[in-house]
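Text of query15.pdb, listed as PDB, C-alpha atoms and all ligand atoms:
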```
ATOM      1  CA  MET R   1      19.698  52.882   7.251
ATOM      2  CA  LYS R   2      16.139  53.923   8.059
ATOM      3  CA  ARG R   3      15.196  53.205  11.646
ATOM      4  CA  LYS R   4      12.455  50.715  12.497
ATOM      5  CA  ILE R   5      11.459  50.136  16.098
ATOM      6  CA  CYS R   6      10.043  46.926  17.524
ATOM      7  CA  TYR R   7       8.378  47.705  20.856
ATOM      8  CA  ILE R   8       8.042  44.760  23.230
ATOM      9  CA  ILE R   9       5.539  45.577  25.921
ATOM     10  CA  ASN R  10       5.043  43.609  29.142
ATOM     11  CA  PRO R  11       1.430  43.919  30.291
ATOM     12  CA  VAL R  12       2.133  42.581  33.802
ATOM     13  CA  SER R  13       5.345  44.381  34.857
ATOM     14  CA  GLY R  14       5.126  47.070  37.543
ATOM     15  CA  THR R  15       1.687  48.145  38.681
ATOM     16  CA  LYS R  16       0.411  50.523  36.018
ATOM     17  CA  SER R  17      -1.579  49.721  32.908
ATOM     18  CA  LYS R  18       0.674  50.014  29.865
ATOM     19  CA  ASP R  19      -2.027  51.630  27.681
ATOM     20  CA  ALA R  20      -0.909  55.194  28.402
ATOM     21  CA  ILE R  21       2.753  54.333  27.790
ATOM     22  CA  ALA R  22       1.900  52.538  24.548
ATOM     23  CA  ASN R  23      -0.173  55.536  23.379
ATOM     24  CA  THR R  24       2.664  57.944  24.178
ATOM     25  CA  ALA R  25       5.186  55.706  22.419
ATOM     26  CA  ALA R  26       2.966  55.388  19.334
ATOM     27  CA  LYS R  27       2.265  59.128  19.158
ATOM     28  CA  GLU R  28       5.880  60.203  19.673
ATOM     29  CA  THR R  29       7.307  57.606  17.276
ATOM     30  CA  LEU R  30       4.887  58.700  14.543
ATOM     31  CA  ARG R  31       5.891  62.287  15.220
ATOM     32  CA  ALA R  32       9.567  61.296  14.883
ATOM     33  CA  GLY R  33       8.752  59.737  11.509
ATOM     34  CA  ILE R  34       9.977  56.282  12.523
ATOM     35  CA  PHE R  35       8.205  53.062  11.534
ATOM     36  CA  PHE R  36       7.224  50.885  14.519
ATOM     37  CA  LYS R  37       5.271  47.832  15.612
ATOM     38  CA  PHE R  38       4.190  46.564  19.041
ATOM     39  CA  PHE R  39       4.617  42.996  20.222
ATOM     40  CA  PRO R  40       3.437  41.693  23.610
ATOM     41  CA  SER R  41       6.063  40.141  25.889
ATOM     42  CA  VAL R  42       5.863  36.406  26.515
ATOM     43  CA  ALA R  43       5.785  34.712  29.908
ATOM     44  CA  ASN R  44       8.417  32.114  28.959
ATOM     45  CA  GLY R  45      10.936  34.831  28.056
ATOM     46  CA  ASP R  46      11.908  33.234  24.740
ATOM     47  CA  TYR R  47      11.833  35.763  21.910
ATOM     48  CA  SER R  48      13.325  33.553  19.207
ATOM     49  CA  PHE R  49       9.963  33.766  17.408
ATOM     50  CA  LEU R  50      10.941  37.360  16.529
ATOM     51  CA  TYR R  51      14.273  36.525  14.815
ATOM     52  CA  SER R  52      12.956  36.276  11.268
ATOM     53  CA  THR R  53      10.671  39.332  11.590
ATOM     54  CA  LEU R  54      13.494  41.477  12.956
ATOM     55  CA  VAL R  55      16.022  40.363  10.359
ATOM     56  CA  ASP R  56      13.785  40.069   7.264
ATOM     57  CA  GLU R  57      11.978  43.330   7.940
ATOM     58  CA  ARG R  58      15.235  45.091   8.884
ATOM     59  CA  TYR R  59      14.337  46.374  12.326
ATOM     60  CA  THR R  60      17.091  48.536  13.776
ATOM     61  CA  ASP R  61      15.880  48.860  17.378
ATOM     62  CA  VAL R  62      14.130  46.763  19.995
ATOM     63  CA  VAL R  63      12.578  48.879  22.741
ATOM     64  CA  ILE R  64      11.482  47.157  25.932
ATOM     65  CA  ILE R  65       8.518  48.500  27.865
ATOM     66  CA  GLY R  66       8.893  46.489  31.054
ATOM     67  CA  GLY R  67      11.091  45.879  34.065
ATOM     68  CA  ASP R  68      14.419  44.124  34.609
ATOM     69  CA  GLY R  69      13.029  40.629  34.087
ATOM     70  CA  THR R  70      11.738  41.598  30.656
ATOM     71  CA  VAL R  71      14.949  43.461  29.821
ATOM     72  CA  ASN R  72      16.977  40.362  30.719
ATOM     73  CA  GLN R  73      14.854  37.984  28.652
ATOM     74  CA  VAL R  74      14.603  40.187  25.571
ATOM     75  CA  ILE R  75      18.315  41.057  25.495
ATOM     76  CA  ASP R  76      19.339  37.453  26.159
ATOM     77  CA  SER R  77      17.172  36.248  23.272
ATOM     78  CA  LEU R  78      18.010  38.943  20.733
ATOM     79  CA  LYS R  79      21.471  40.338  21.483
ATOM     80  CA  HIS R  80      23.135  38.417  18.650
ATOM     81  CA  LEU R  81      21.021  40.353  16.121
ATOM     82  CA  PRO R  82      22.212  43.690  14.703
ATOM     83  CA  VAL R  83      19.815  45.831  16.764
ATOM     84  CA  ASN R  84      20.123  48.501  19.431
ATOM     85  CA  PHE R  85      18.106  48.052  22.618
ATOM     86  CA  GLY R  86      16.105  50.823  24.254
ATOM     87  CA  ILE R  87      14.157  50.814  27.513
ATOM     88  CA  ILE R  88      11.066  52.646  28.654
ATOM     89  CA  PRO R  89      11.265  51.712  32.358
ATOM     90  CA  SER R  90       7.943  50.153  33.358
ATOM     91  CA  GLY R  91       8.794  47.597  36.008
ATOM     92  CA  SER R  92       8.884  47.576  39.779
ATOM     93  CA  GLY R  93      12.606  48.260  40.163
ATOM     94  CA  ASN R  94      14.114  49.164  36.750
ATOM     95  CA  GLY R  95      17.653  48.621  38.019
ATOM     96  CA  LEU R  96      19.316  48.391  34.609
ATOM     97  CA  ALA R  97      17.493  51.383  33.114
ATOM     98  CA  PHE R  98      18.156  53.630  36.115
ATOM     99  CA  GLY R  99      21.771  52.425  36.287
ATOM    100  CA  ALA R 100      22.115  53.515  32.642
ATOM    101  CA  GLY R 101      20.596  56.935  33.380
ATOM    102  CA  ILE R 102      17.321  56.255  31.565
ATOM    103  CA  PRO R 103      14.503  58.203  33.220
ATOM    104  CA  LYS R 104      11.142  56.746  34.222
ATOM    105  CA  THR R 105       9.031  59.335  32.372
ATOM    106  CA  PRO R 106       8.086  57.693  29.047
ATOM    107  CA  LYS R 107       8.463  60.909  27.019
ATOM    108  CA  LYS R 108      11.985  61.464  28.366
ATOM    109  CA  ALA R 109      12.940  57.831  27.806
ATOM    110  CA  LEU R 110      11.631  58.169  24.236
ATOM    111  CA  GLU R 111      13.735  61.298  23.668
ATOM    112  CA  ILE R 112      16.818  59.193  24.446
ATOM    113  CA  ILE R 113      15.636  56.489  22.053
ATOM    114  CA  PHE R 114      15.100  58.995  19.229
ATOM    115  CA  LYS R 115      18.586  60.522  19.731
ATOM    116  CA  ASN R 116      19.893  57.121  18.604
ATOM    117  CA  HIS R 117      23.107  57.131  20.649
ATOM    118  CA  SER R 118      24.053  53.604  21.650
ATOM    119  CA  VAL R 119      26.828  52.290  23.891
ATOM    120  CA  LEU R 120      28.126  48.736  24.128
ATOM    121  CA  MET R 121      27.268  47.315  27.545
ATOM    122  CA  ASP R 122      28.523  44.321  29.494
ATOM    123  CA  GLY R 123      26.397  41.444  30.652
ATOM    124  CA  PHE R 124      27.482  38.461  32.733
ATOM    125  CA  ARG R 125      26.826  34.756  33.112
ATOM    126  CA  VAL R 126      25.789  32.883  36.235
ATOM    127  CA  ASN R 127      26.370  29.166  35.627
ATOM    128  CA  GLY R 128      25.721  29.921  31.972
ATOM    129  CA  LYS R 129      22.536  31.939  32.554
ATOM    130  CA  PHE R 130      22.543  35.457  31.152
ATOM    131  CA  ALA R 131      22.351  38.432  33.520
ATOM    132  CA  CYS R 132      22.685  42.108  32.765
ATOM    133  CA  MET R 133      21.761  43.895  35.976
ATOM    134  CA  LEU R 134      22.429  42.084  39.241
ATOM    135  CA  CYS R 135      22.529  38.578  40.667
ATOM    136  CA  GLY R 136      21.816  38.107  44.353
ATOM    137  CA  LEU R 137      22.280  35.320  46.886
ATOM    138  CA  GLY R 138      20.651  35.322  50.324
ATOM    139  CA  PHE R 139      18.416  38.007  51.786
ATOM    140  CA  ASP R 140      17.520  39.982  48.643
ATOM    141  CA  ALA R 141      16.925  36.761  46.723
ATOM    142  CA  LYS R 142      14.519  35.571  49.446
ATOM    143  CA  VAL R 143      12.724  38.896  48.983
ATOM    144  CA  ALA R 144      12.679  38.365  45.189
ATOM    145  CA  HIS R 145      11.154  34.895  45.639
ATOM    146  CA  ASP R 146       8.456  36.172  47.999
ATOM    147  CA  PHE R 147       7.821  39.179  45.740
ATOM    148  CA  ALA R 148       7.247  36.862  42.779
ATOM    149  CA  ASN R 149       4.598  34.986  44.792
ATOM    150  CA  ALA R 150       2.862  38.151  46.022
ATOM    151  CA  PRO R 151      -0.483  38.948  44.406
ATOM    152  CA  GLN R 152       0.717  42.402  43.302
ATOM    153  CA  ARG R 153       3.953  43.821  41.884
ATOM    154  CA  GLY R 154       5.287  47.350  42.355
ATOM    155  CA  LEU R 155       7.561  49.180  44.790
ATOM    156  CA  MET R 156       5.199  49.040  47.805
ATOM    157  CA  THR R 157       4.892  45.259  47.552
ATOM    158  CA  TYR R 158       8.691  45.023  47.348
ATOM    159  CA  VAL R 159       9.191  47.250  50.403
ATOM    160  CA  ASN R 160       6.627  45.150  52.308
ATOM    161  CA  GLN R 161       8.535  41.974  51.499
ATOM    162  CA  VAL R 162      11.820  43.570  52.638
ATOM    163  CA  PHE R 163      10.305  44.373  56.061
ATOM    164  CA  LYS R 164       8.656  40.961  56.377
ATOM    165  CA  ASN R 165      11.965  39.216  55.696
ATOM    166  CA  PHE R 166      14.256  41.506  57.670
ATOM    167  CA  PHE R 167      13.585  40.113  61.160
ATOM    168  CA  GLY R 168      13.904  36.489  60.078
ATOM    169  CA  ALA R 169      17.006  37.094  57.945
ATOM    170  CA  ARG R 170      19.911  34.746  58.689
ATOM    171  CA  PRO R 171      23.469  34.473  57.419
ATOM    172  CA  TYR R 172      24.468  31.781  54.939
ATOM    173  CA  SER R 173      27.863  30.087  54.537
ATOM    174  CA  PHE R 174      29.846  30.861  51.421
ATOM    175  CA  LYS R 175      33.267  29.969  50.087
ATOM    176  CA  ILE R 176      34.574  32.627  47.708
ATOM    177  CA  LYS R 177      37.102  31.771  45.017
ATOM    178  CA  LEU R 178      38.822  34.540  43.091
ATOM    179  CA  ALA R 179      41.817  34.207  40.787
ATOM    180  CA  GLU R 180      43.966  35.870  43.462
ATOM    181  CA  LYS R 181      42.600  34.305  46.652
ATOM    182  CA  ARG R 182      39.995  32.211  48.427
ATOM    183  CA  PHE R 183      38.146  32.861  51.653
ATOM    184  CA  GLU R 184      35.125  31.714  53.618
ATOM    185  CA  THR R 185      32.433  34.010  54.909
ATOM    186  CA  GLU R 186      29.085  33.971  56.688
ATOM    187  CA  ALA R 187      26.926  36.557  54.987
ATOM    188  CA  TYR R 188      23.348  37.788  54.898
ATOM    189  CA  PHE R 189      23.633  38.412  51.211
ATOM    190  CA  ILE R 190      25.973  38.687  48.274
ATOM    191  CA  SER R 191      25.227  40.983  45.352
ATOM    192  CA  ILE R 192      27.089  40.570  42.091
ATOM    193  CA  ALA R 193      26.345  43.724  40.197
ATOM    194  CA  ASN R 194      26.795  45.057  36.683
ATOM    195  CA  SER R 195      24.346  47.914  37.242
ATOM    196  CA  ASN R 196      24.879  50.006  40.340
ATOM    197  CA  GLN R 197      21.549  49.197  41.958
ATOM    198  CA  PHE R 198      18.804  46.759  42.950
ATOM    199  CA  GLY R 199      16.387  49.225  41.342
ATOM    200  CA  ASN R 200      14.536  52.342  42.451
ATOM    201  CA  HIS R 201      17.942  54.052  42.836
ATOM    202  CA  PHE R 202      18.872  51.791  45.777
ATOM    203  CA  THR R 203      22.564  51.782  44.846
ATOM    204  CA  ILE R 204      24.004  48.702  46.500
ATOM    205  CA  ALA R 205      27.115  48.952  44.254
ATOM    206  CA  PRO R 206      27.573  52.705  43.836
ATOM    207  CA  MET R 207      30.824  52.415  41.839
ATOM    208  CA  ALA R 208      29.476  49.897  39.327
ATOM    209  CA  SER R 209      29.560  50.773  35.654
ATOM    210  CA  LEU R 210      27.662  48.919  32.951
ATOM    211  CA  ASN R 211      30.637  48.941  30.618
ATOM    212  CA  ASP R 212      33.836  48.772  32.688
ATOM    213  CA  GLY R 213      34.424  45.064  32.064
ATOM    214  CA  LEU R 214      34.053  44.360  35.789
ATOM    215  CA  LEU R 215      31.527  42.968  38.225
ATOM    216  CA  ASP R 216      31.046  44.758  41.543
ATOM    217  CA  VAL R 217      30.738  42.285  44.409
ATOM    218  CA  VAL R 218      29.135  43.347  47.691
ATOM    219  CA  ILE R 219      29.187  40.886  50.597
ATOM    220  CA  VAL R 220      27.164  41.845  53.663
ATOM    221  CA  THR R 221      28.777  39.658  56.319
ATOM    222  CA  GLU R 222      27.308  38.350  59.575
ATOM    223  CA  GLN R 223      26.710  41.178  62.071
ATOM    224  CA  SER R 224      23.884  42.423  64.249
ATOM    225  CA  LYS R 225      20.731  43.424  62.377
ATOM    226  CA  ILE R 226      21.168  47.037  63.449
ATOM    227  CA  ALA R 227      24.760  47.029  62.182
ATOM    228  CA  MET R 228      23.623  45.399  58.943
ATOM    229  CA  LEU R 229      21.032  48.107  58.410
ATOM    230  CA  TYR R 230      23.481  50.885  59.244
ATOM    231  CA  ASN R 231      26.310  49.463  57.135
ATOM    232  CA  THR R 232      24.001  48.801  54.181
ATOM    233  CA  LEU R 233      22.849  52.420  54.263
ATOM    234  CA  ILE R 234      26.491  53.578  54.320
ATOM    235  CA  GLN R 235      27.160  51.285  51.348
ATOM    236  CA  VAL R 236      24.143  52.580  49.407
ATOM    237  CA  GLY R 237      25.171  56.151  50.171
ATOM    238  CA  GLY R 238      28.624  55.559  48.656
ATOM    239  CA  GLY R 239      30.451  55.629  52.009
ATOM    240  CA  ASN R 240      32.379  52.408  51.341
ATOM    241  CA  LYS R 241      35.251  52.482  48.895
ATOM    242  CA  VAL R 242      35.907  49.629  46.509
ATOM    243  CA  ARG R 243      38.708  47.596  48.164
ATOM    244  CA  SER R 244      41.483  45.763  46.428
ATOM    245  CA  ILE R 245      41.164  42.005  46.606
ATOM    246  CA  GLU R 246      44.253  41.958  48.876
ATOM    247  CA  GLU R 247      42.430  44.088  51.458
ATOM    248  CA  ILE R 248      39.084  42.330  51.625
ATOM    249  CA  LYS R 249      39.913  39.243  53.652
ATOM    250  CA  HIS R 250      40.708  41.245  56.770
ATOM    251  CA  LYS R 251      37.683  43.488  56.739
ATOM    252  CA  ARG R 252      34.322  42.608  58.270
ATOM    253  CA  GLY R 253      31.000  44.396  57.896
ATOM    254  CA  ILE R 254      30.609  44.940  54.168
ATOM    255  CA  LEU R 255      33.155  43.674  51.668
ATOM    256  CA  TYR R 256      33.146  45.599  48.394
ATOM    257  CA  PHE R 257      35.439  44.684  45.514
ATOM    258  CA  GLN R 258      35.547  44.327  41.731
ATOM    259  CA  THR R 259      36.462  41.326  39.638
ATOM    260  CA  GLU R 260      35.967  39.842  36.183
ATOM    261  CA  ALA R 261      34.988  36.454  37.558
ATOM    262  CA  ILE R 262      34.077  34.816  40.837
ATOM    263  CA  ARG R 263      33.237  31.300  41.960
ATOM    264  CA  ILE R 264      31.064  30.765  45.014
ATOM    265  CA  SER R 265      30.348  27.591  46.972
ATOM    266  CA  ASN R 266      26.877  27.968  48.374
ATOM    267  CA  TRP R 267      26.545  24.823  50.480
ATOM    268  CA  SER R 268      23.829  26.234  52.722
ATOM    269  CA  GLU R 269      21.770  26.875  49.579
ATOM    270  CA  ALA R 270      21.091  30.561  49.947
ATOM    271  CA  PRO R 271      18.250  31.475  47.594
ATOM    272  CA  MET R 272      19.203  33.191  44.341
ATOM    273  CA  HIS R 273      17.835  35.704  41.883
ATOM    274  CA  ILE R 274      19.066  36.891  38.520
ATOM    275  CA  ASP R 275      18.039  40.401  37.480
ATOM    276  CA  GLY R 276      15.264  40.337  40.081
ATOM    277  CA  GLU R 277      13.730  37.086  38.816
ATOM    278  CA  PRO R 278      13.792  34.205  41.328
ATOM    279  CA  VAL R 279      15.716  31.187  40.047
ATOM    280  CA  ASN R 280      16.540  27.800  41.584
ATOM    281  CA  THR R 281      19.629  28.103  43.713
ATOM    282  CA  GLU R 282      22.775  26.079  43.104
ATOM    283  CA  LYS R 283      25.504  24.853  45.437
ATOM    284  CA  LYS R 284      28.326  25.903  43.130
ATOM    285  CA  LEU R 285      28.275  29.091  41.129
ATOM    286  CA  SER R 286      30.578  30.303  38.455
ATOM    287  CA  VAL R 287      30.025  33.937  37.530
ATOM    288  CA  ALA R 288      31.899  35.815  34.812
ATOM    289  CA  ILE R 289      31.585  39.080  32.940
ATOM    290  CA  GLU R 290      30.563  39.011  29.271
ATOM    291  CA  LYS R 291      32.147  42.193  27.975
ATOM    292  CA  SER R 292      30.491  44.513  25.439
ATOM    293  CA  CYS R 293      27.701  42.136  24.503
ATOM    294  CA  PHE R 294      24.744  44.407  23.678
ATOM    295  CA  ASN R 295      24.112  47.929  22.456
ATOM    296  CA  LEU R 296      21.943  50.105  24.692
ATOM    297  CA  LEU R 297      20.436  53.457  23.697
ATOM    298  CA  VAL R 298      21.478  55.956  26.375
ATOM    299  CA  ASN R 299      21.820  59.685  26.871
ATOM    300  CA  ARG R 300      24.917  61.143  25.317
TER     301      ARG R 300
HETATM  302  N1  LIG A 401       2.614  38.204  28.595
HETATM  303  C1  LIG A 401       2.981  37.866  29.820
HETATM  304  N2  LIG A 401       2.109  37.268  30.672
HETATM  305  C2  LIG A 401       2.485  36.914  31.922
HETATM  306  N3  LIG A 401       3.717  37.121  32.421
HETATM  307  C3  LIG A 401       4.614  37.728  31.631
HETATM  308  C4  LIG A 401       4.288  38.114  30.295
HETATM  309  N4  LIG A 401       5.388  38.697  29.740
HETATM  310  C5  LIG A 401       6.365  38.640  30.679
HETATM  311  N5  LIG A 401       5.904  38.062  31.801
HETATM  312  C6  LIG A 401       6.657  37.834  33.036
HETATM  313  O1  LIG A 401       6.920  39.096  33.631
HETATM  314  C7  LIG A 401       8.081  38.960  34.450
HETATM  315  C8  LIG A 401       9.008  40.120  34.228
HETATM  316  O2  LIG A 401       8.457  41.237  34.800
HETATM  317  P1  LIG A 401       9.449  42.451  34.970
HETATM  318  O3  LIG A 401      10.662  41.996  35.671
HETATM  319  O4  LIG A 401       9.638  43.100  33.665
HETATM  320  O5  LIG A 401       8.595  43.383  35.886
HETATM  321  P2  LIG A 401       8.771  43.714  37.415
HETATM  322  O6  LIG A 401       9.226  42.497  38.167
HETATM  323  O7  LIG A 401       7.512  44.375  37.858
HETATM  324  O8  LIG A 401       9.914  44.799  37.388
HETATM  325  P3  LIG A 401      11.449  44.767  37.905
HETATM  326  O9  LIG A 401      12.066  43.496  37.434
HETATM  327  O10 LIG A 401      12.068  45.988  37.298
HETATM  328  O11 LIG A 401      11.383  44.826  39.398
HETATM  329  C9  LIG A 401       8.791  37.712  34.005
HETATM  330  O12 LIG A 401       8.686  36.754  35.045
HETATM  331  C10 LIG A 401       8.041  37.260  32.785
HETATM  332  O13 LIG A 401       8.015  35.881  32.667
END
```

What's the C-alpha cells form of this structure?
Ligand SMILES: Nc1ncnc2c1ncn2[C@@H]1O[C@H](COP(=O)(O)OP(=O)(O)OP(=O)(O)O)[C@@H](O)[C@H]1O
Amino acid sequence: MKRKICYIINPVSGTKSKDAIANTAAKETLRAGIFFKFFPSVANGDYSFLYSTLVDERYTDVVIIGGDGTVNQVIDSLKHLPVNFGIIPSGSGNGLAFGAGIPKTPKKALEIIFKNHSVLMDGFRVNGKFACMLCGLGFDAKVAHDFANAPQRGLMTYVNQVFKNFFGARPYSFKIKLAEKRFETEAYFISIANSNQFGNHFTIAPMASLNDGLLDVVIVTEQSKIAMLYNTLIQVGGGNKVRSIEEIKHKRGILYFQTEAIRISNWSEAPMHIDGEPVNTEKKLSVAIEKSCFNLLVNR
C-alpha cells in the first residue's frame, strides 16, 4: 500500500516556531516521494474530526510534531485506526519520543519515519484515562501544574519550576495496593512509567521499556531533601535495581518495582499529571497497562 502521511503540528508546544520543522518535513517527504498533508493540533485534544479523512483517503501514517501532551492526545484519539504513528519531537520534554530512541533533530526523526519500521507499544490507563509515557503524583505533578500556568514553555521554564517547588516540597500519604501485597507510604512523589523518563533524558525509570507489558513504579519516600536529591540522582543514573514486590516493603529511600497494575489511595490529594499534562487529582486511582495498543515508527 502506498504511504500517505498526515502531519499533526502543534504550534504552541516547546519554545521554537514550527515553521522550520514544517518546511523540513515538507521538503524531505516530497523528496521521499510520499504524499502528505499538514493539520494543526487542537487545544481540546480530540482528533475524531480526522477519522473520516484518514480512513476514506487511506492515510497510512500519522506523524506528530509536538510534545508528550500532543502525542498522548493524538494517539488516544486515533489508535483504533490502521495507522502507524511517528514523532518529530518538538515539545519541552519529549519523554515518549526519547524513550523510544527518536532523536530531536527533525531530519533524523524523519529518516526513522521514512524507514517505515513500526513496533507495537504499550499504553496504560489511569482511572480510564489514556497515558502512554508517564503518570505522576506529588512533586513532579505540582511542577507540571505550575509549568502549565507559566507564560512560557520549554526546558528552562521547567527547570525553574523544579527549583521553585523543591524547597516547599512535602510528602503525601499513599496506600499502595498490588495483587501480591498492600502497604502504606509517605512519599514526595510516585512515578508510574511506561517510558523510561520524564523527558529530556531524565530517566526516572531507567529499566522501563515501552513494550514489555509492564509499568515501572518509582516511589520516592519521605527523607531529608538532601537525601531525596541524592537518591533521585542515583535512581536516574541507573544505580537502583528493580526490586521484586516481595522486597519493596522493607526498603526506604526509593522503591522501584514493576507491575501490570496498581491501585493507589491518595487521601491527601497529591496533585497528578498524565504524560506531563496537569489533570485533576483523584483520591482513588486504578492504573493498568494496556498492552500493544499502538504502532510507533522507531529505529530498527
Ligand atoms: N492549536 C492549539 N492551540 C492551543 N493549544 C494547543 C493547540 N494544540 C494543542 N494545544 C495544547 O498543547 C498542549 C500540549 O503541548 P505539548 O505537551 O505537546 O508540548 P510541551 O508541553 O511543550 O511538551 P512536553 O509535553 O513534551 O513537555 C496541550 O495542553 C494541548 O491542549

Tell me, counting only C-alpha atoms and all ligand atoms, for each residue of chain R within 6 Å of ligand LIG 401 (chain A), which pair of atoms is nearest and how far apart they are in Å to one decimal, in rows ordered by chain and increasing number, as a tab-separated table.
```
residue	atom	partner	partner_atom	distance
R:Asn10	CA	A:LIG401	N4	5.0
R:Val12	CA	A:LIG401	N3	5.9
R:Ser13	CA	A:LIG401	O5	3.6
R:Gly14	CA	A:LIG401	O7	3.6
R:Ser41	CA	A:LIG401	N4	4.2
R:Val42	CA	A:LIG401	N4	4.0
R:Ala43	CA	A:LIG401	C3	3.7
R:Asn44	CA	A:LIG401	O13	5.3
R:Gly45	CA	A:LIG401	O13	5.6
R:Gly66	CA	A:LIG401	O4	4.3
R:Gly67	CA	A:LIG401	O4	3.2
R:Asp68	CA	A:LIG401	O9	3.7
R:Gly69	CA	A:LIG401	O3	3.2
R:Thr70	CA	A:LIG401	O4	4.0
R:Gly91	CA	A:LIG401	O8	3.3
R:Ser92	CA	A:LIG401	O11	3.7
R:Gly93	CA	A:LIG401	O10	3.7
R:Asn94	CA	A:LIG401	O10	3.8
R:Arg153	CA	A:LIG401	O7	5.4
R:Gly154	CA	A:LIG401	O7	5.8
R:Gly276	CA	A:LIG401	O9	5.2
```

If the PyMOL selection byres (((chain R and resi 140) around 12) and not hetatm) were run on this exact file, what residues would it hold? Put them as a ChimeraX atom specification. /R:134-139,141-147,158-159,161-166,169-171,187-192,198-199,204,219-220,270-278

To test your reading of the syntax: which residues would the PyMOL selection byres (((chain R and resi 299) around 7) and not hetatm) return for the file shown? Reply as a list of chain:residue names.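 This file, filtered by the PyMOL selection byres (((chain R and resi 299) around 7) and not hetatm), leaves R:Ile112, R:His117, R:Val298, R:Arg300.
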
Once the PyMOL selection byres (((chain R and resi 256-267) around 6) and not hetatm) is applied to the coordinates I shared, what remains selected? I want it as a list in words. Phe174, Lys175, Ile176, Lys177, Leu178, Leu214, Leu215, Asp216, Val217, Val218, Val242, Arg243, Leu255, Ser268, Glu269, Lys283, Lys284, Leu285, Ser286, Val287, Ala288 and Ile289 of chain R

How many Å separate CA of Glu180 (chain R) from CA of Glu246 (chain R)? 8.2 Å

Could you give me the centre and size, in Å to one decimal, of an axis-aligned box around all listed atoms of region 145-148 of chain R with 5 Å added on every side, as lines of an AutoDock Vina configuration file?
```
center_x = 9.2
center_y = 37.0
center_z = 45.4
size_x = 13.9
size_y = 14.3
size_z = 15.2
```

Here CA of Lys37 (chain R) and CA of Tyr7 (chain R) stand apart by 6.1 Å

Residues at most 12 Å from Cys293 (chain R), counting only C-alpha atoms, excluding those fewer than 6 positions away in the same chain, as an MDAnalysis selection string? chainID R and resid 75:76 78:85 119:125 130:132 210:211 213

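Proximity of R:Asn149, R:Thr185, R:Thr29, R:Thr232 to Ala205 (chain R), computed with all atoms listed in the file, is greatest for R:Thr232.
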
Atomic separation - CA of Ile64 (chain R) relative to CA of Leu96 (chain R), Å: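 Atom-to-atom, CA of Leu96 (chain R) and CA of Ile64 (chain R) are spaced 11.8 Å apart.
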
Quick one: of R:Thr15, R:Asn116, R:Ser90, R:Gln197, who's nearest to Arg3 (chain R), counting only C-alpha atoms?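 Using only C-alpha atoms, Arg3 (chain R) sits closest to R:Asn116.
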